[in-house]
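S.K.: My structure file work21.cif, mmCIF, C-alpha atoms and all ligand atoms, is below:
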```cif
data_work
#
loop_
_atom_site.group_PDB
_atom_site.id
_atom_site.type_symbol
_atom_site.label_atom_id
_atom_site.label_comp_id
_atom_site.auth_asym_id
_atom_site.auth_seq_id
_atom_site.Cartn_x
_atom_site.Cartn_y
_atom_site.Cartn_z
ATOM 1 C CA MET P 27 7.282 -46.083 -13.831
ATOM 2 C CA LYS P 28 3.652 -45.029 -13.430
ATOM 3 C CA GLU P 29 4.439 -43.708 -9.973
ATOM 4 C CA LYS P 30 7.212 -41.499 -11.273
ATOM 5 C CA LYS P 31 4.814 -39.841 -13.727
ATOM 6 C CA LEU P 32 2.358 -39.219 -10.918
ATOM 7 C CA ILE P 33 5.045 -37.603 -8.760
ATOM 8 C CA ILE P 34 6.040 -35.293 -11.618
ATOM 9 C CA LYS P 35 2.379 -34.327 -12.045
ATOM 10 C CA ILE P 36 2.050 -33.490 -8.344
ATOM 11 C CA VAL P 37 5.266 -31.447 -8.403
ATOM 12 C CA MET P 38 3.954 -29.496 -11.400
ATOM 13 C CA ILE P 39 0.672 -28.707 -9.614
ATOM 14 C CA VAL P 40 2.514 -27.606 -6.452
ATOM 15 C CA LEU P 41 4.792 -25.354 -8.504
ATOM 16 C CA ALA P 42 1.809 -23.818 -10.284
ATOM 17 C CA VAL P 43 0.119 -23.033 -6.955
ATOM 18 C CA ILE P 44 3.322 -21.487 -5.552
ATOM 19 C CA LEU P 45 3.645 -19.317 -8.651
ATOM 20 C CA MET P 46 0.031 -18.152 -8.415
ATOM 21 C CA VAL P 47 0.327 -17.262 -4.730
ATOM 22 C CA SER P 48 3.620 -15.397 -5.169
ATOM 23 C CA PHE P 49 2.190 -13.310 -8.002
ATOM 24 C CA MET P 50 -0.965 -12.293 -6.162
ATOM 25 C CA PRO P 51 0.525 -9.663 -3.788
ATOM 26 C CA ALA P 52 2.233 -8.052 -6.800
ATOM 27 C CA ALA P 53 -1.182 -7.216 -8.238
ATOM 28 C CA VAL P 54 -2.065 -5.027 -5.229
ATOM 29 C CA PRO P 55 0.363 -2.112 -5.811
ATOM 30 C CA VAL P 56 -0.639 -2.022 -9.477
ATOM 31 C CA MET P 57 -4.275 -1.479 -8.488
ATOM 32 C CA HIS P 58 -3.131 1.149 -6.019
ATOM 33 C CA GLN P 59 -1.327 3.144 -8.685
ATOM 34 C CA ALA P 60 -4.463 3.240 -10.804
ATOM 35 C CA ALA P 61 -6.115 5.322 -8.083
ATOM 36 C CA ALA P 62 -3.239 7.829 -7.981
ATOM 37 C CA PRO P 63 -4.764 10.781 -9.914
ATOM 38 C CA ALA P 64 -7.172 11.433 -7.021
ATOM 39 C CA THR P 65 -4.224 12.420 -4.797
ATOM 40 C CA GLN P 66 -3.094 15.146 -7.149
ATOM 41 C CA LYS P 67 -6.407 16.883 -6.693
ATOM 42 C CA TYR P 68 -5.858 16.859 -2.933
ATOM 43 C CA SER P 69 -2.312 18.178 -3.136
ATOM 44 C CA VAL P 70 -3.752 21.356 -4.647
ATOM 45 C CA THR P 71 -6.423 21.853 -1.984
ATOM 46 C CA TYR P 72 -4.787 20.524 1.196
ATOM 47 C CA THR P 73 -3.813 23.984 2.445
ATOM 48 C CA VAL P 74 -7.476 25.061 2.714
ATOM 49 C CA HIS P 75 -8.255 23.524 6.097
ATOM 50 C CA ALA P 76 -5.601 22.014 8.343
ATOM 51 C CA ALA P 77 -8.013 19.770 10.269
ATOM 52 C CA ALA P 78 -9.862 18.522 7.197
ATOM 53 C CA ARG P 79 -6.853 17.990 4.953
ATOM 54 C CA LYS P 80 -6.064 14.469 3.900
ATOM 55 C CA VAL P 81 -2.984 12.636 5.091
ATOM 56 C CA PHE P 82 -1.606 9.182 4.348
ATOM 57 C CA TYR P 83 -0.417 6.329 6.498
ATOM 58 C CA ALA P 84 0.706 2.752 5.985
ATOM 59 C CA THR P 85 -0.581 -0.315 7.834
ATOM 60 C CA TYR P 86 2.111 -0.625 10.513
ATOM 61 C CA SER P 87 3.275 2.964 10.434
ATOM 62 C CA LYS P 88 3.401 5.249 13.456
ATOM 63 C CA LYS P 89 3.634 8.332 11.260
ATOM 64 C CA TYR P 90 1.274 10.056 8.881
ATOM 65 C CA HIS P 91 2.385 11.696 5.674
ATOM 66 C CA ARG P 92 1.615 14.829 3.696
ATOM 67 C CA THR P 93 1.937 12.930 0.436
ATOM 68 C CA LYS P 94 1.509 9.354 -0.699
ATOM 69 C CA LYS P 95 4.755 9.832 -2.624
ATOM 70 C CA CYS P 96 6.831 10.194 0.557
ATOM 71 C CA ARG P 97 9.965 8.055 0.232
ATOM 72 C CA THR P 98 9.318 6.319 3.556
ATOM 73 C CA LEU P 99 6.040 5.003 2.107
ATOM 74 C CA LYS P 100 7.708 3.498 -0.947
ATOM 75 C CA ARG P 101 7.856 -0.016 0.485
ATOM 76 C CA SER P 102 4.299 0.049 1.828
ATOM 77 C CA LYS P 103 1.804 -2.017 -0.095
ATOM 78 C CA LYS P 104 -1.292 -0.519 1.407
ATOM 79 C CA ILE P 105 -1.604 3.189 2.103
ATOM 80 C CA TYR P 106 -4.670 4.674 3.757
ATOM 81 C CA LYS P 107 -6.018 8.174 3.200
ATOM 82 C CA VAL P 108 -7.642 9.878 6.188
ATOM 83 C CA THR P 109 -8.130 13.388 7.510
ATOM 84 C CA GLU P 110 -5.324 14.784 9.648
ATOM 85 C CA LYS P 111 -7.746 14.818 12.558
ATOM 86 C CA ALA P 112 -8.385 11.081 12.185
ATOM 87 C CA ALA P 113 -4.646 10.395 11.967
ATOM 88 C CA LYS P 114 -4.045 12.278 15.222
ATOM 89 C CA LYS P 115 -6.812 10.268 16.865
ATOM 90 C CA LYS P 116 -4.889 7.128 15.934
ATOM 91 C CA HIS P 117 -1.858 8.616 17.763
ATOM 92 C CA LEU P 118 0.089 8.905 14.557
ATOM 93 C CA LYS P 119 2.852 11.495 14.396
ATOM 94 C CA LYS P 120 3.860 13.783 11.554
ATOM 95 C CA CYS P 121 6.479 12.268 9.260
ATOM 96 C CA LYS P 122 9.601 14.466 9.373
ATOM 97 C CA VAL P 123 10.576 13.548 5.807
ATOM 98 C CA CYS P 124 7.633 15.037 3.929
ATOM 99 C CA TRP P 125 6.294 17.826 6.207
HETATM 100 ZN ZN ZN P 201 6.501 11.045 4.990
#
```
Before we go any further, please render this structure as structure tokens.
Ligand SMILES: [Zn+2]
M.R.:
Amino acid sequence: MKEKKLIIKIVMIVLAVILMVSFMPAAVPVMHQAAAPATQKYSVTYTVHAAARKVFYATYSKKYHRTKKCRTLKRSKKIYKVTEKAAKKKHLKKCKVCW
């Protein structure tokens, strides 16, 4: 009977670890949203200089975007902000959805 209690204890610990790990990636997009107001400032000024304007791209994306709110970026957890020049250097192409 002592063994059974021990097994239950181990199962509980394993479950707790699984829960912790599965909740961790969910915290990332929340942090990302907190930084959102900075983009609005850019959306006002991005027409000033084509080469220096900021664009957005996701980790495995082959396209860069005019706005972080582009619907093709919705599923991306991590979005990077770079100048359009830097995006072109990375051989990224303009997203047809948001340009
Ligand atoms: Zn786009």
S.K.: What is the CA of Trp125 (chain P)-CA of Thr85 (chain P) distance in Å, reported with one decimal?
M.R.: 19.5 Å
S.K.: Between P:Ser102, P:Thr93, P:Ser87, P:Thr109, which one has atoms that come closest to Val123 (chain P), using all atoms listed in the file?
M.R.: P:Thr93
S.K.: Throw together the list of residues within 8 Å of ligand ZN 201 (chain P), counting only C-alpha atoms and all ligand atoms, and drop it here as a PyMOL selection string.
M.R.: chain P and resi 89-99+120-125
S.K.: Just to be explicit: take each residue in the selection above, keep C-alpha atoms, and write the result as a compact mmCIF listing (two decimals), in the frame of the given file.
M.R.:
```
# COMPACT_ATOMS: atom_id res chain seq x y z
CA LYS P 89 3.63 8.33 11.26
CA TYR P 90 1.27 10.06 8.88
CA HIS P 91 2.38 11.70 5.67
CA ARG P 92 1.62 14.83 3.70
CA THR P 93 1.94 12.93 0.44
CA LYS P 94 1.51 9.35 -0.70
CA LYS P 95 4.76 9.83 -2.62
CA CYS P 96 6.83 10.19 0.56
CA ARG P 97 9.96 8.06 0.23
CA THR P 98 9.32 6.32 3.56
CA LEU P 99 6.04 5.00 2.11
CA LYS P 120 3.86 13.78 11.55
CA CYS P 121 6.48 12.27 9.26
CA LYS P 122 9.60 14.47 9.37
CA VAL P 123 10.58 13.55 5.81
CA CYS P 124 7.63 15.04 3.93
CA TRP P 125 6.29 17.83 6.21
```
S.K.: What is the distance, in Å and to one decimal place, between CA of Tyr83 (chain P) and CA of Ser48 (chain P)?
M.R.: 25.0 Å
S.K.: With only C-alpha atoms as the basis for distance, which of P:Ile33, P:Ala84, P:Lys119, P:Ala42 is at the shortest distance from Lys104 (chain P)?
M.R.: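 Among P:Ile33, P:Ala84, P:Lys119, P:Ala42, it is P:Ala84 that comes nearest to Lys104 (chain P).
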S.K.: Run through the PyMOL selection byres (((chain P and resi 108) around 12) and not hetatm) on the given coordinates and return the selected residues as number ranges by chain.
M.R.: P: 65, 68, 77-84, 90-94, 105-107, 109-116, 118
